[in-house]
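Q: The following file, coords_34.txt, comprises compact mmCIF, C-alpha atoms and all ligand atoms:
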# COMPACT_ATOMS: atom_id res chain seq x y z
CA MET A 1149 -36.64 113.39 -106.00
CA ILE A 1150 -38.67 115.21 -103.35
CA ASP A 1151 -36.94 117.29 -100.66
CA LEU A 1152 -38.82 118.46 -97.58
CA GLN A 1153 -37.01 121.02 -95.48
CA ASN A 1154 -38.27 121.88 -92.00
CA LEU A 1155 -41.92 121.69 -93.11
CA THR A 1156 -44.07 123.04 -90.28
CA LYS A 1157 -47.79 123.74 -89.83
CA ARG A 1158 -49.57 125.20 -86.83
CA TYR A 1159 -53.30 125.43 -86.28
CA GLY A 1160 -53.78 127.86 -83.39
CA GLU A 1161 -51.67 126.60 -80.50
CA ARG A 1162 -51.17 123.15 -82.04
CA THR A 1163 -48.18 122.28 -84.19
CA VAL A 1164 -49.55 119.48 -86.39
CA VAL A 1165 -46.48 119.18 -88.63
CA ASP A 1166 -43.29 119.89 -86.76
CA GLY A 1167 -40.08 120.59 -88.67
CA LEU A 1168 -40.25 117.65 -91.07
CA THR A 1169 -37.09 117.18 -93.10
CA PHE A 1170 -36.63 114.17 -95.34
CA THR A 1171 -35.89 113.19 -98.93
CA VAL A 1172 -37.95 110.85 -101.09
CA ARG A 1173 -35.69 109.17 -103.63
CA PRO A 1174 -36.45 107.90 -107.11
CA GLY A 1175 -36.49 104.21 -107.98
CA ALA A 1176 -38.31 103.10 -104.84
CA VAL A 1177 -41.76 103.13 -103.28
CA THR A 1178 -41.60 105.17 -100.08
CA GLY A 1179 -44.34 104.46 -97.58
CA PHE A 1180 -45.54 107.39 -95.45
CA LEU A 1181 -46.83 106.02 -92.15
CA GLY A 1182 -48.28 107.50 -89.01
CA PRO A 1183 -51.23 106.94 -86.69
CA ASN A 1184 -54.50 108.84 -87.24
CA GLY A 1185 -53.93 112.56 -86.94
CA ALA A 1186 -50.13 112.25 -87.23
CA GLY A 1187 -50.06 114.91 -89.95
CA LYS A 1188 -49.64 112.85 -93.14
CA SER A 1189 -52.41 114.51 -95.16
CA THR A 1190 -51.42 117.98 -93.95
CA THR A 1191 -47.83 117.28 -95.02
CA MET A 1192 -48.91 116.09 -98.46
CA ARG A 1193 -51.22 119.08 -98.89
CA MET A 1194 -48.35 121.44 -98.01
CA MET A 1195 -46.06 119.61 -100.45
CA LEU A 1196 -48.57 120.28 -103.22
CA GLY A 1197 -49.15 123.93 -102.35
CA LEU A 1198 -52.74 123.38 -101.12
CA THR A 1199 -52.00 124.30 -97.52
CA ARG A 1200 -49.54 127.06 -96.72
CA PRO A 1201 -46.71 125.97 -94.42
CA ASP A 1202 -45.79 128.22 -91.49
CA GLU A 1203 -42.18 127.29 -92.04
CA GLY A 1204 -40.14 125.25 -94.45
CA MET A 1205 -40.53 124.17 -98.05
CA THR A 1206 -40.78 121.24 -100.44
CA ARG A 1207 -38.83 120.94 -103.67
CA PHE A 1208 -39.54 118.57 -106.54
CA ASP A 1209 -36.25 118.15 -108.38
CA GLY A 1210 -35.27 121.57 -107.08
CA ARG A 1211 -38.56 123.41 -107.69
CA ALA A 1212 -41.55 124.19 -105.45
CA TYR A 1213 -44.90 122.85 -106.69
CA PRO A 1214 -46.38 126.29 -107.49
CA GLU A 1215 -43.34 127.01 -109.67
CA LEU A 1216 -44.03 124.02 -111.93
CA ARG A 1217 -45.54 125.31 -115.18
CA ARG A 1218 -47.51 122.20 -116.07
CA PRO A 1219 -47.64 120.48 -112.69
CA ALA A 1220 -49.47 117.31 -113.82
CA ARG A 1221 -46.50 116.50 -116.05
CA HIS A 1222 -44.11 116.67 -113.11
CA VAL A 1223 -46.07 115.46 -110.10
CA GLY A 1224 -49.06 113.12 -110.13
CA ALA A 1225 -51.09 113.67 -106.98
CA LEU A 1226 -53.98 111.90 -105.32
CA LEU A 1227 -55.44 113.63 -102.29
CA GLU A 1228 -58.55 112.71 -100.35
CA THR A 1229 -60.26 116.02 -101.02
CA ALA A 1230 -59.55 116.39 -104.75
CA ILE A 1231 -62.95 115.23 -106.05
CA PRO A 1232 -64.13 116.36 -109.49
CA HIS A 1233 -67.58 117.90 -109.92
CA ARG A 1234 -70.31 115.21 -109.68
CA SER A 1235 -71.99 116.22 -112.91
CA LEU A 1236 -68.85 115.76 -115.04
CA THR A 1237 -68.04 112.48 -116.73
CA ALA A 1238 -64.62 110.92 -116.08
CA ALA A 1239 -63.61 111.64 -119.68
CA ASP A 1240 -64.67 115.33 -119.38
CA HIS A 1241 -62.71 115.77 -116.17
CA LEU A 1242 -59.54 114.22 -117.57
CA ARG A 1243 -59.85 116.08 -120.91
CA TRP A 1244 -60.05 119.36 -119.00
CA MET A 1245 -56.97 118.41 -116.94
CA ALA A 1246 -55.12 117.38 -120.10
CA GLN A 1247 -55.93 120.70 -121.75
CA CYS A 1248 -54.71 122.76 -118.76
CA ASN A 1249 -51.45 120.85 -118.69
CA ARG A 1250 -50.89 120.57 -122.47
CA ILE A 1251 -51.13 116.81 -122.35
CA PRO A 1252 -52.15 115.07 -125.62
CA ARG A 1253 -55.89 114.15 -125.62
CA GLN A 1254 -55.18 110.52 -126.50
CA ARG A 1255 -53.64 110.12 -123.05
CA VAL A 1256 -57.16 110.37 -121.54
CA GLY A 1257 -58.23 107.10 -123.17
CA GLU A 1258 -54.94 105.47 -122.23
CA VAL A 1259 -55.18 106.24 -118.52
CA LEU A 1260 -58.89 105.33 -118.35
CA ASP A 1261 -57.92 101.96 -119.84
CA LEU A 1262 -55.01 101.62 -117.46
CA VAL A 1263 -57.16 102.13 -114.35
CA GLY A 1264 -60.00 99.93 -115.64
CA LEU A 1265 -62.53 102.73 -116.19
CA ALA A 1266 -62.76 102.65 -120.01
CA GLY A 1267 -66.32 101.22 -119.80
CA ALA A 1268 -67.46 103.97 -117.40
CA ALA A 1269 -65.73 106.91 -119.09
CA ARG A 1270 -69.06 108.55 -120.10
CA ARG A 1271 -70.81 108.10 -116.77
CA ARG A 1272 -71.21 111.03 -114.44
CA VAL A 1273 -68.68 110.95 -111.63
CA GLY A 1274 -71.53 111.44 -109.13
CA THR A 1275 -72.73 107.88 -109.87
CA TYR A 1276 -69.31 106.31 -109.21
CA SER A 1277 -68.62 103.95 -106.30
CA LEU A 1278 -65.84 104.83 -103.86
CA GLY A 1279 -63.46 102.46 -105.64
CA MET A 1280 -64.28 103.91 -109.07
CA GLY A 1281 -63.70 107.42 -107.72
CA GLN A 1282 -60.34 106.28 -106.42
CA ARG A 1283 -59.45 104.78 -109.80
CA LEU A 1284 -60.40 108.09 -111.46
CA GLY A 1285 -58.15 109.93 -108.99
CA LEU A 1286 -55.32 107.59 -109.95
CA ALA A 1287 -56.03 108.16 -113.66
CA ALA A 1288 -55.71 111.90 -113.04
CA ALA A 1289 -52.43 111.38 -111.17
CA LEU A 1290 -51.04 109.28 -114.02
CA LEU A 1291 -52.35 111.49 -116.85
CA GLY A 1292 -49.18 113.53 -117.36
CA ASP A 1293 -46.92 110.45 -117.09
CA PRO A 1294 -45.12 112.27 -114.25
CA PRO A 1295 -41.75 111.25 -112.79
CA VAL A 1296 -43.12 111.82 -109.27
CA LEU A 1297 -46.25 110.38 -107.63
CA VAL A 1298 -47.66 111.62 -104.30
CA LEU A 1299 -50.63 109.48 -103.25
CA ASP A 1300 -52.60 109.88 -100.03
CA GLU A 1301 -54.30 106.60 -99.04
CA PRO A 1302 -54.71 105.39 -102.64
CA VAL A 1303 -55.90 101.96 -101.48
CA ASN A 1304 -59.07 103.40 -99.86
CA GLY A 1305 -62.17 101.96 -101.46
CA LEU A 1306 -60.35 99.50 -103.72
CA ASP A 1307 -61.32 95.82 -103.64
CA ALA A 1308 -58.78 92.99 -103.34
CA GLU A 1309 -58.16 92.87 -107.10
CA GLY A 1310 -57.81 96.68 -107.20
CA ILE A 1311 -55.33 96.65 -104.32
CA ARG A 1312 -53.17 94.08 -106.06
CA TRP A 1313 -53.38 96.01 -109.33
CA LEU A 1314 -52.31 99.22 -107.56
CA ARG A 1315 -49.44 97.46 -105.80
CA GLU A 1316 -48.09 96.19 -109.12
CA LEU A 1317 -48.56 99.60 -110.72
CA LEU A 1318 -46.63 101.41 -107.96
CA ARG A 1319 -43.83 98.86 -108.03
CA ALA A 1320 -43.61 99.19 -111.83
CA LYS A 1321 -43.47 103.01 -111.60
CA ALA A 1322 -40.64 102.79 -109.06
CA ALA A 1323 -38.81 100.23 -111.22
CA GLU A 1324 -38.93 102.75 -114.08
CA GLY A 1325 -36.95 105.12 -111.85
CA ARG A 1326 -39.86 107.30 -110.72
CA THR A 1327 -40.30 108.74 -107.23
CA VAL A 1328 -43.32 107.27 -105.44
CA LEU A 1329 -44.56 108.52 -102.05
CA VAL A 1330 -47.65 106.75 -100.76
CA SER A 1331 -49.46 106.96 -97.45
CA SER A 1332 -51.57 104.10 -96.12
CA HIS A 1333 -52.86 102.94 -92.80
CA LEU A 1334 -52.92 99.32 -94.04
CA MET A 1335 -49.71 97.88 -92.66
CA THR A 1336 -49.78 94.56 -94.47
CA GLU A 1337 -50.29 96.37 -97.74
CA MET A 1338 -47.49 98.77 -96.92
CA SER A 1339 -45.12 95.91 -96.12
CA LEU A 1340 -45.87 94.40 -99.54
CA VAL A 1341 -45.39 97.57 -101.57
CA ALA A 1342 -42.85 99.86 -99.87
CA ASP A 1343 -39.07 99.62 -100.04
CA HIS A 1344 -38.50 102.58 -97.78
CA LEU A 1345 -40.47 104.06 -94.89
CA VAL A 1346 -40.95 107.52 -93.47
CA VAL A 1347 -42.78 107.31 -90.14
CA ILE A 1348 -44.23 110.33 -88.36
CA ASP A 1349 -46.21 110.84 -85.19
CA ARG A 1350 -47.63 114.11 -83.83
CA GLY A 1351 -46.08 115.82 -86.83
CA ARG A 1352 -42.54 114.70 -85.98
CA LEU A 1353 -40.23 112.37 -87.87
CA LEU A 1354 -39.78 109.05 -86.05
CA ALA A 1355 -38.01 106.99 -88.71
CA ASP A 1356 -36.66 107.35 -92.24
CA THR A 1357 -35.20 103.96 -93.19
CA GLY A 1358 -35.41 100.98 -95.51
CA MET A 1359 -38.27 98.57 -94.73
CA ASP A 1360 -35.96 95.73 -93.62
CA GLU A 1361 -33.83 98.05 -91.52
CA PHE A 1362 -36.94 99.52 -89.87
CA ILE A 1363 -38.08 96.10 -88.69
CA ARG A 1364 -34.54 95.08 -87.68
CA LEU A 1365 -33.93 98.32 -85.71
CA HIS A 1366 -37.31 98.81 -84.09
CA GLY A 1367 -38.96 95.40 -84.31
CA ARG A 1368 -39.07 92.33 -82.21
CA MET A 1369 -36.83 89.36 -83.05
CA TYR A 1370 -37.66 86.05 -81.48
CA VAL A 1371 -36.79 82.38 -81.76
CA ARG A 1372 -39.52 79.85 -82.38
CA VAL A 1373 -39.00 76.50 -80.70
CA ARG A 1374 -41.02 73.35 -81.10
CA THR A 1375 -40.37 70.46 -78.76
CA LEU A 1376 -42.32 67.55 -77.29
CA GLU A 1377 -41.40 68.71 -73.76
CA PRO A 1378 -42.06 72.48 -73.67
CA GLY A 1379 -42.97 72.37 -69.98
CA ALA A 1380 -39.46 71.22 -69.09
CA LEU A 1381 -37.62 73.54 -71.46
CA VAL A 1382 -39.37 76.80 -70.48
CA PRO A 1383 -37.84 77.11 -66.95
CA GLU A 1384 -34.40 76.26 -68.33
CA LEU A 1385 -34.68 79.05 -70.91
CA GLU A 1386 -36.04 81.48 -68.33
CA ARG A 1387 -33.09 80.72 -66.01
CA HIS A 1388 -30.88 82.04 -68.84
CA GLY A 1389 -32.82 85.30 -69.00
CA ALA A 1390 -35.30 84.49 -71.79
CA ARG A 1391 -38.92 85.62 -71.88
CA VAL A 1392 -40.99 82.78 -73.23
CA VAL A 1393 -44.52 82.89 -74.61
CA ARG A 1394 -46.49 79.79 -75.56
CA ALA A 1395 -48.14 80.31 -78.96
CA VAL A 1396 -51.61 78.88 -79.64
CA ASP A 1397 -50.11 76.12 -81.81
CA GLY A 1398 -48.06 74.85 -78.84
CA SER A 1399 -44.72 76.26 -80.02
CA LEU A 1400 -42.61 78.57 -77.83
CA GLU A 1401 -41.67 82.13 -78.79
CA VAL A 1402 -38.41 82.97 -77.06
CA ASP A 1403 -37.25 86.57 -76.65
CA GLY A 1404 -33.83 87.54 -75.38
CA LEU A 1405 -31.76 84.56 -76.56
CA ALA A 1406 -30.25 83.78 -79.96
CA ALA A 1407 -31.14 80.50 -81.70
CA ALA A 1408 -27.66 79.09 -81.00
CA GLU A 1409 -28.06 79.76 -77.24
CA VAL A 1410 -31.48 78.10 -77.21
CA SER A 1411 -29.95 75.12 -79.00
CA ARG A 1412 -27.10 74.81 -76.45
CA ILE A 1413 -29.48 75.06 -73.48
CA ALA A 1414 -31.76 72.39 -74.98
CA THR A 1415 -28.85 70.08 -75.78
CA ALA A 1416 -27.37 70.49 -72.28
CA GLY A 1417 -30.75 69.44 -70.84
CA GLY A 1418 -30.93 66.46 -73.20
CA ARG A 1419 -34.02 67.87 -75.00
CA THR A 1420 -34.86 67.23 -78.64
CA LEU A 1421 -36.03 70.20 -80.70
CA ASP A 1422 -38.37 69.71 -83.64
CA GLU A 1423 -38.08 73.31 -84.81
CA LEU A 1424 -35.66 76.15 -84.09
CA SER A 1425 -36.07 79.27 -86.24
CA THR A 1426 -35.52 83.00 -85.95
CA HIS A 1427 -38.37 85.41 -86.79
CA THR A 1428 -38.87 89.14 -87.03
CA GLY A 1429 -42.10 90.88 -86.07
CA SER A 1430 -44.50 92.19 -88.71
CA LEU A 1431 -44.45 95.80 -89.89
CA GLU A 1432 -47.63 96.36 -87.89
CA ASP A 1433 -46.07 95.07 -84.64
CA THR A 1434 -42.96 97.14 -85.26
CA PHE A 1435 -44.90 100.30 -86.07
CA LEU A 1436 -47.13 99.97 -83.00
CA ALA A 1437 -44.13 99.26 -80.77
CA LEU A 1438 -42.28 102.34 -82.06
CA VAL A 1439 -45.26 104.68 -81.82
CA GLY A 1440 -46.19 103.27 -78.39
CA LYS A 1441 -42.64 103.77 -77.11
CA GLU A 1442 -42.57 107.38 -78.30
CA ASN A 1443 -45.77 107.96 -76.34
CA GLY A 1444 -44.37 106.51 -73.13
CA GLY A 1445 -45.96 103.13 -73.74
CA HIS A 1446 -49.46 104.59 -74.12
CA ARG A 1447 -51.26 104.52 -77.45
CA VAL A 1448 -52.85 107.85 -78.24
N1 LIG B 1501 -57.78 122.83 -91.28
C1 LIG B 1501 -57.46 122.38 -90.06
N2 LIG B 1501 -57.71 123.08 -88.94
C2 LIG B 1501 -57.38 122.64 -87.73
N3 LIG B 1501 -56.79 121.43 -87.50
C3 LIG B 1501 -56.52 120.67 -88.56
C4 LIG B 1501 -56.83 121.08 -89.90
N4 LIG B 1501 -56.43 120.11 -90.76
C5 LIG B 1501 -55.89 119.13 -89.98
N5 LIG B 1501 -55.95 119.45 -88.68
C6 LIG B 1501 -55.46 118.64 -87.54
O1 LIG B 1501 -54.11 118.34 -87.80
C7 LIG B 1501 -53.81 117.02 -87.33
C8 LIG B 1501 -53.20 116.22 -88.46
O2 LIG B 1501 -54.21 115.89 -89.40
P1 LIG B 1501 -53.93 115.08 -90.73
O3 LIG B 1501 -55.23 114.92 -91.45
O4 LIG B 1501 -52.81 115.70 -91.46
O5 LIG B 1501 -53.43 113.68 -90.15
P2 LIG B 1501 -53.28 112.28 -90.87
O6 LIG B 1501 -51.96 111.73 -90.42
O7 LIG B 1501 -53.47 112.43 -92.35
O8 LIG B 1501 -54.45 111.46 -90.22
P3 LIG B 1501 -55.44 110.35 -90.85
O9 LIG B 1501 -54.62 109.11 -91.03
O10 LIG B 1501 -56.46 110.19 -89.75
O11 LIG B 1501 -56.00 110.92 -92.11
C9 LIG B 1501 -55.10 116.45 -86.81
O12 LIG B 1501 -55.12 116.57 -85.41
C10 LIG B 1501 -56.17 117.31 -87.43
O13 LIG B 1501 -57.29 117.40 -86.60
Would you write the structure of this file as structure tokens?
Ligand SMILES: Nc1ncnc2c1ncn2[C@@H]1O[C@H](COP(=O)(O)OP(=O)(O)OP(=O)(O)O)[C@@H](O)[C@H]1O

A:
Amino acid sequence: MIDLQNLTKRYGERTVVDGLTFTVRPGAVTGFLGPNGAGKSTTMRMMLGLTRPDEGMTRFDGRAYPELRRPARHVGALLETAIPHRSLTAADHLRWMAQCNRIPRQRVGEVLDLVGLAGAARRRVGTYSLGMGQRLGLAAALLGDPPVLVLDEPVNGLDAEGIRWLRELLRAKAAEGRTVLVSSHLMTEMSLVADHLVVIDRGRLLADTGMDEFIRLHGRMYVRVRTLEPGALVPELERHGARVVRAVDGSLEVDGLAAAEVSRIATAGGRTLDELSTHTGSLEDTFLALVGKENGGHRV
């Protein structure tokens, strides 16, 4: 469990993280979302004691990160800036980390295997691709088999197979009862991996809800209608207050009326419907709508 209490960071006149309070619970993947510059990385750096907050604190199962005696055994972290020295091999880097945290040496081979780097363990990190570097960062986060994972944009640099592998790994860690906080700007990926969402913008908390609830509360719901006579049906629906958009495939997307109302209006007009279904918007649509609304309809 991670508890953030009033976490605040100012740079000069600017408050980049503004009184963030939320709890990240075990047994779920929590997605940390926000537009560029929202304050996600700064928040994660403060959580891990790398940036000093002006106010507030973070507790991991009741303790601040600097109070953890062997932190890698409690919290596995992946941050964008935590790059090992280029001249070290992956195995050297992880062996050093294992030693500092009193983690058995055999764990180094296990995590290198787990992240698919066993064949490159003796190569210098400086020769790694972006994706390999990311896998090494994940190996370091997993080294101490920690109950908590804090990962900033872990998908960066991974190929399609790597992204799927990471998704399954994170879901498995949550299923084991671990606490998983992961930031990503890839909405489709987030919608596939996260059970819960924390959304921030300009350092402020906008939402802290389950994924389904987030889309239900903030997203668009619409009814899709397919009929042979859309031209006749549209004005009838609009007379009842609907906003109707024609999709490229010829179907109608109807906002503002429930499926049952659309059905009654069509039946009253003697129209036959070939499809009538209710849809919710994607996570991306919902996120952009929420962030846009908070900024007075203007994207920043
Ligand atoms: N050391 C610093 N000095 C001054 N401003 C900073 C510093 N670090 C971050 N900022 C500013 O704080 C704001 C939040 O940055 P942060 O990197 O936390 O956002 P983010 O949500 O992680 O964005 P992104 O998705 O683009 O990585 C930005 O406006 C950034 O320019």

Q: With all atoms listed in the file counted, collect every polymer residue having an atom within 6 Å of ligand LIG 1501 (chain B); state the result as a list in words.

A: Tyr1159, Val1164, Gly1182, Pro1183, Asn1184, Gly1185, Ala1186, Gly1187, Lys1188, Ser1189 and Thr1190 of chain A

Q: Within 9 Å of (-45.1, 106.6, -95.1) (file coordinates; all atoms listed in the file), which protein or nucleic acid residues are there? I'd like them as a ChimeraX atom specification.

A: /A:1178-1182,1188,1329-1333,1338,1342,1344-1348,1356

Q: So how far away is atom CA of Leu1155 of chain A from atom CA of Gly1167 of chain A, in Å?

A: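 A separation of 4.9 Å between them.
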
Q: Output as lines of an AutoDock Vina configuration file the centre and edge lengths (Å, one decimal) of the box along x, y and z of the file that holds every listed atom of segment 1292-1309 of chain A after adding 6 Å on each side.

A:
center_x = -52.0
center_y = 103.2
center_z = -108.2
size_x = 32.4
size_y = 32.7
size_z = 30.3

Q: Write out as a list of chain:residue names which residues come within 12 Å of Glu1309 of chain A when counting all atoms listed in the file, dropping same-chain ones fewer than 6 positions away.

A: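 In the requested format, the answer is A:Val1263, A:Gly1264, A:Gly1279, A:Val1303, A:Arg1315, A:Glu1316.
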
Q: Can you tell me, as JSON, numbers by chain, what residues are no more than 10 Å from segment 1280-1288 of chain A when counting only C-alpha atoms, ignoring any on the same chain fewer than 4 positions away?

A: {"A": [1220, 1224, 1225, 1226, 1227, 1228, 1230, 1231, 1232, 1238, 1239, 1241, 1242, 1243, 1245, 1246, 1255, 1256, 1257, 1258, 1259, 1260, 1261, 1262, 1263, 1264, 1265, 1268, 1269, 1273, 1274, 1275, 1276, 1292, 1293, 1297, 1299, 1301, 1302, 1303, 1304, 1305, 1306, 1310, 1314]}

Q: Please compute the atom CA of Ala1322 of chain A-atom CA of Phe1170 of chain A distance, one decimal, in Å.

A: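 Distance reported for this atom pair: 18.3 Å.
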